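Notes follow once the structure below has been shown.
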Amino acid sequence: MRKKNSRAIALVGAVLLIAPITAIGGVAASSGASAATPTHVLTCGEKLAFKPSTYTLSCADANAGWTGVTWSVWNDSSATGRGILRQNDCTPNCVSGKFINYRATVTLSKVVSTKKHGELFSVATFHYSVSGHAKTEVFDLVD
């Protein structure tokens, strides 16, 4: 009877020692995999872009986009940069409108996982000011 208890205690001890090591190995493997495939944005031409300095936000008419963006943060869950938000004022209509540049901070967020393109940022949020008034504008990046 005593030998059976010793074996049971040894088995439980082995499991308790191995479980944390297995868990640590699993975390290391999963974090290594995400580092190998960073989050991207998808361009109008369906190409993956990583830290793009220029990007078209409205693919149908190209009436909005960013340019000159320098990224201070880019990780697997969000990205933040500063640059220019370019928008057509569409006055009196978009064909005759003028492009206006706003110095802005852009934050990319809401990562979605796709089969074709992997992890993509799906939202761009811009913070800028017009005549001293703070503005926030949100663009969807993924259909």
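Identifiers in this document derive from the order of the structure tokens: chains are assigned A, B, ..., residues are numbered from 1 separately in each chain, and ligands are numbered from 1 in order of occurrence.
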Near-Ser129 in chain A list (12 Å; only C-alpha atoms; drop same-chain fewer than 6 positions) as a PyMOL selection string: chain A and resi 84-85+101-105+135-137
Polymer residues at most 10 Å from Tyr55 in chain A, only C-alpha atoms, same-chain spacing of 3 or more positions, as an MDAnalysis selection string: chainID A and resid 41:44 49 51:52 58:59 62 64:69 85:86
Polymer residues at most 12 Å from Ala79 in chain A, only C-alpha atoms, same-chain spacing of 4 or more positions, as a PyMOL selection string: chain A and resi 38-41+50-52+69-75+105-111+120-126
Can you write just those residues out, N, CA and C atoms, as a PDB file, in the first residue's frame?
```
ATOM      1  N   PRO A  38       3.456  40.717 -38.280  1.00  0.00           N
ATOM      2  CA  PRO A  38       2.909  41.946 -37.695  1.00  0.00           C
ATOM      3  C   PRO A  38       1.561  42.320 -38.293  1.00  0.00           C
ATOM      4  N   THR A  39       0.835  43.164 -37.569  1.00  0.00           N
ATOM      5  CA  THR A  39      -0.447  43.668 -38.042  1.00  0.00           C
ATOM      6  C   THR A  39      -0.199  44.694 -39.144  1.00  0.00           C
ATOM      7  N   HIS A  40      -1.027  44.664 -40.187  1.00  0.00           N
ATOM      8  CA  HIS A  40      -0.879  45.538 -41.349  1.00  0.00           C
ATOM      9  C   HIS A  40      -2.144  46.347 -41.589  1.00  0.00           C
ATOM     10  N   VAL A  41      -2.081  47.223 -42.573  1.00  0.00           N
ATOM     11  CA  VAL A  41      -3.272  47.828 -43.161  1.00  0.00           C
ATOM     12  C   VAL A  41      -3.326  47.325 -44.600  1.00  0.00           C
ATOM     13  N   PHE A  50       2.853  48.065 -44.089  1.00  0.00           N
ATOM     14  CA  PHE A  50       3.375  48.130 -42.729  1.00  0.00           C
ATOM     15  C   PHE A  50       3.972  49.516 -42.528  1.00  0.00           C
ATOM     16  N   LYS A  51       3.433  50.270 -41.600  1.00  0.00           N
ATOM     17  CA  LYS A  51       3.869  51.638 -41.307  1.00  0.00           C
ATOM     18  C   LYS A  51       3.873  52.532 -42.562  1.00  0.00           C
ATOM     19  N   PRO A  52       2.784  52.582 -43.312  1.00  0.00           N
ATOM     20  CA  PRO A  52       2.788  53.407 -44.522  1.00  0.00           C
ATOM     21  C   PRO A  52       2.797  54.899 -44.187  1.00  0.00           C
ATOM     22  N   VAL A  69       3.027  60.542 -42.617  1.00  0.00           N
ATOM     23  CA  VAL A  69       2.856  60.017 -41.262  1.00  0.00           C
ATOM     24  C   VAL A  69       4.142  59.346 -40.794  1.00  0.00           C
ATOM     25  N   THR A  70       4.546  59.721 -39.601  1.00  0.00           N
ATOM     26  CA  THR A  70       5.655  59.079 -38.901  1.00  0.00           C
ATOM     27  C   THR A  70       5.057  58.326 -37.729  1.00  0.00           C
ATOM     28  N   TRP A  71       5.328  57.042 -37.650  1.00  0.00           N
ATOM     29  CA  TRP A  71       4.733  56.180 -36.628  1.00  0.00           C
ATOM     30  C   TRP A  71       5.612  56.126 -35.389  1.00  0.00           C
ATOM     31  N   SER A  72       5.037  56.453 -34.246  1.00  0.00           N
ATOM     32  CA  SER A  72       5.774  56.366 -32.980  1.00  0.00           C
ATOM     33  C   SER A  72       5.511  55.039 -32.288  1.00  0.00           C
ATOM     34  N   VAL A  73       4.360  54.435 -32.561  1.00  0.00           N
ATOM     35  CA  VAL A  73       3.997  53.131 -31.997  1.00  0.00           C
ATOM     36  C   VAL A  73       3.390  52.295 -33.112  1.00  0.00           C
ATOM     37  N   TRP A  74       3.820  51.044 -33.212  1.00  0.00           N
ATOM     38  CA  TRP A  74       3.188  50.092 -34.126  1.00  0.00           C
ATOM     39  C   TRP A  74       3.385  48.719 -33.518  1.00  0.00           C
ATOM     40  N   ASN A  75       2.307  48.156 -32.984  1.00  0.00           N
ATOM     41  CA  ASN A  75       2.399  46.815 -32.420  1.00  0.00           C
ATOM     42  C   ASN A  75       1.226  45.985 -32.919  1.00  0.00           C
ATOM     43  N   THR A 105      -3.104  63.526 -35.481  1.00  0.00           N
ATOM     44  CA  THR A 105      -2.617  62.288 -34.877  1.00  0.00           C
ATOM     45  C   THR A 105      -3.561  61.195 -35.344  1.00  0.00           C
ATOM     46  N   VAL A 106      -3.010  60.092 -35.804  1.00  0.00           N
ATOM     47  CA  VAL A 106      -3.828  58.969 -36.261  1.00  0.00           C
ATOM     48  C   VAL A 106      -3.547  57.763 -35.377  1.00  0.00           C
ATOM     49  N   THR A 107      -4.615  57.077 -35.004  1.00  0.00           N
ATOM     50  CA  THR A 107      -4.505  55.842 -34.234  1.00  0.00           C
ATOM     51  C   THR A 107      -5.212  54.742 -35.008  1.00  0.00           C
ATOM     52  N   LEU A 108      -4.499  53.659 -35.256  1.00  0.00           N
ATOM     53  CA  LEU A 108      -5.070  52.482 -35.898  1.00  0.00           C
ATOM     54  C   LEU A 108      -5.432  51.479 -34.808  1.00  0.00           C
ATOM     55  N   SER A 109      -6.606  50.854 -34.939  1.00  0.00           N
ATOM     56  CA  SER A 109      -7.063  49.947 -33.892  1.00  0.00           C
ATOM     57  C   SER A 109      -8.016  48.904 -34.455  1.00  0.00           C
ATOM     58  N   LYS A 110      -8.652  48.184 -33.554  1.00  0.00           N
ATOM     59  CA  LYS A 110      -9.641  47.145 -33.860  1.00  0.00           C
ATOM     60  C   LYS A 110      -9.104  46.146 -34.884  1.00  0.00           C
ATOM     61  N   VAL A 111      -8.192  45.323 -34.427  1.00  0.00           N
ATOM     62  CA  VAL A 111      -7.562  44.322 -35.281  1.00  0.00           C
ATOM     63  C   VAL A 111      -8.575  43.228 -35.620  1.00  0.00           C
ATOM     64  N   LEU A 120      -5.256  42.530 -39.541  1.00  0.00           N
ATOM     65  CA  LEU A 120      -5.351  43.867 -40.143  1.00  0.00           C
ATOM     66  C   LEU A 120      -5.971  44.854 -39.160  1.00  0.00           C
ATOM     67  N   PHE A 121      -5.457  46.080 -39.161  1.00  0.00           N
ATOM     68  CA  PHE A 121      -6.138  47.152 -38.454  1.00  0.00           C
ATOM     69  C   PHE A 121      -7.394  47.486 -39.251  1.00  0.00           C
ATOM     70  N   SER A 122      -8.535  47.665 -38.562  1.00  0.00           N
ATOM     71  CA  SER A 122      -9.779  47.909 -39.286  1.00  0.00           C
ATOM     72  C   SER A 122     -10.329  49.318 -39.084  1.00  0.00           C
ATOM     73  N   VAL A 123      -9.731  50.111 -38.195  1.00  0.00           N
ATOM     74  CA  VAL A 123     -10.228  51.465 -37.923  1.00  0.00           C
ATOM     75  C   VAL A 123      -9.052  52.439 -37.813  1.00  0.00           C
ATOM     76  N   ALA A 124      -9.213  53.615 -38.425  1.00  0.00           N
ATOM     77  CA  ALA A 124      -8.258  54.721 -38.275  1.00  0.00           C
ATOM     78  C   ALA A 124      -9.013  55.889 -37.646  1.00  0.00           C
ATOM     79  N   THR A 125      -8.506  56.381 -36.516  1.00  0.00           N
ATOM     80  CA  THR A 125      -9.125  57.516 -35.825  1.00  0.00           C
ATOM     81  C   THR A 125      -8.164  58.697 -35.883  1.00  0.00           C
ATOM     82  N   PHE A 126      -8.644  59.819 -36.385  1.00  0.00           N
ATOM     83  CA  PHE A 126      -7.835  61.033 -36.525  1.00  0.00           C
ATOM     84  C   PHE A 126      -8.290  62.075 -35.507  1.00  0.00           C
TER      85      PHE A 126
END
```
Point-to-point distance from CA of His133 in chain A to CA of Ala60 in chain A, Å rounded to tenths: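 Between CA of His133 in chain A and CA of Ala60 in chain A the gap is 29.1 Å.
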Looking only at helix (DSSP H, G or I) from DSSP on the backbone, list the matching residues of range 25-131 of chain A as a tab-separated table (two decimals) with N, CA and C atoms, in the first residue's frame.
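Output below, filename part.tsv:
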```tsv
chain	number	residue	atom	x	y	z
A	25	GLY	N	6.38	27.49	-22.17
A	25	GLY	CA	6.76	27.21	-23.55
A	25	GLY	C	5.67	27.60	-24.52
A	26	GLY	N	4.41	27.36	-24.15
A	26	GLY	CA	3.28	27.74	-25.00
A	26	GLY	C	3.19	29.23	-25.17
A	27	VAL	N	3.42	30.01	-24.13
A	27	VAL	CA	3.39	31.47	-24.22
A	27	VAL	C	4.51	31.96	-25.11
A	28	ALA	N	5.69	31.39	-24.94
A	28	ALA	CA	6.82	31.83	-25.75
A	28	ALA	C	6.57	31.54	-27.22
A	29	ALA	N	5.99	30.37	-27.50
A	29	ALA	CA	5.74	30.02	-28.90
A	29	ALA	C	4.70	30.94	-29.51
A	30	SER	N	3.64	31.25	-28.75
A	30	SER	CA	2.60	32.10	-29.35
A	30	SER	C	3.08	33.53	-29.51
A	31	SER	N	3.89	34.03	-28.58
A	31	SER	CA	4.36	35.41	-28.75
A	31	SER	C	5.38	35.49	-29.88
A	32	GLY	N	6.14	34.42	-30.09
A	32	GLY	CA	7.07	34.41	-31.20
A	32	GLY	C	6.36	34.41	-32.54
A	33	ALA	N	5.22	33.73	-32.60
A	33	ALA	CA	4.47	33.67	-33.86
A	33	ALA	C	3.89	35.03	-34.22
A	34	SER	N	3.38	35.77	-33.22
A	34	SER	CA	2.80	37.06	-33.56
A	34	SER	C	3.87	38.07	-33.94
A	35	ALA	N	5.07	37.93	-33.40
A	35	ALA	CA	6.14	38.85	-33.76
A	35	ALA	C	6.57	38.63	-35.22
A	36	ALA	N	6.41	37.39	-35.71
A	36	ALA	CA	6.82	37.08	-37.08
A	36	ALA	C	5.82	37.63	-38.10
```
Distance in Å - CA of Gly83 in chain A versus CA of Ser113 in chain A: 26.8 Å
Atomic separation - CA of Gly132 in chain A relative to CA of Ile100 in chain A, Å: 15.8 Å
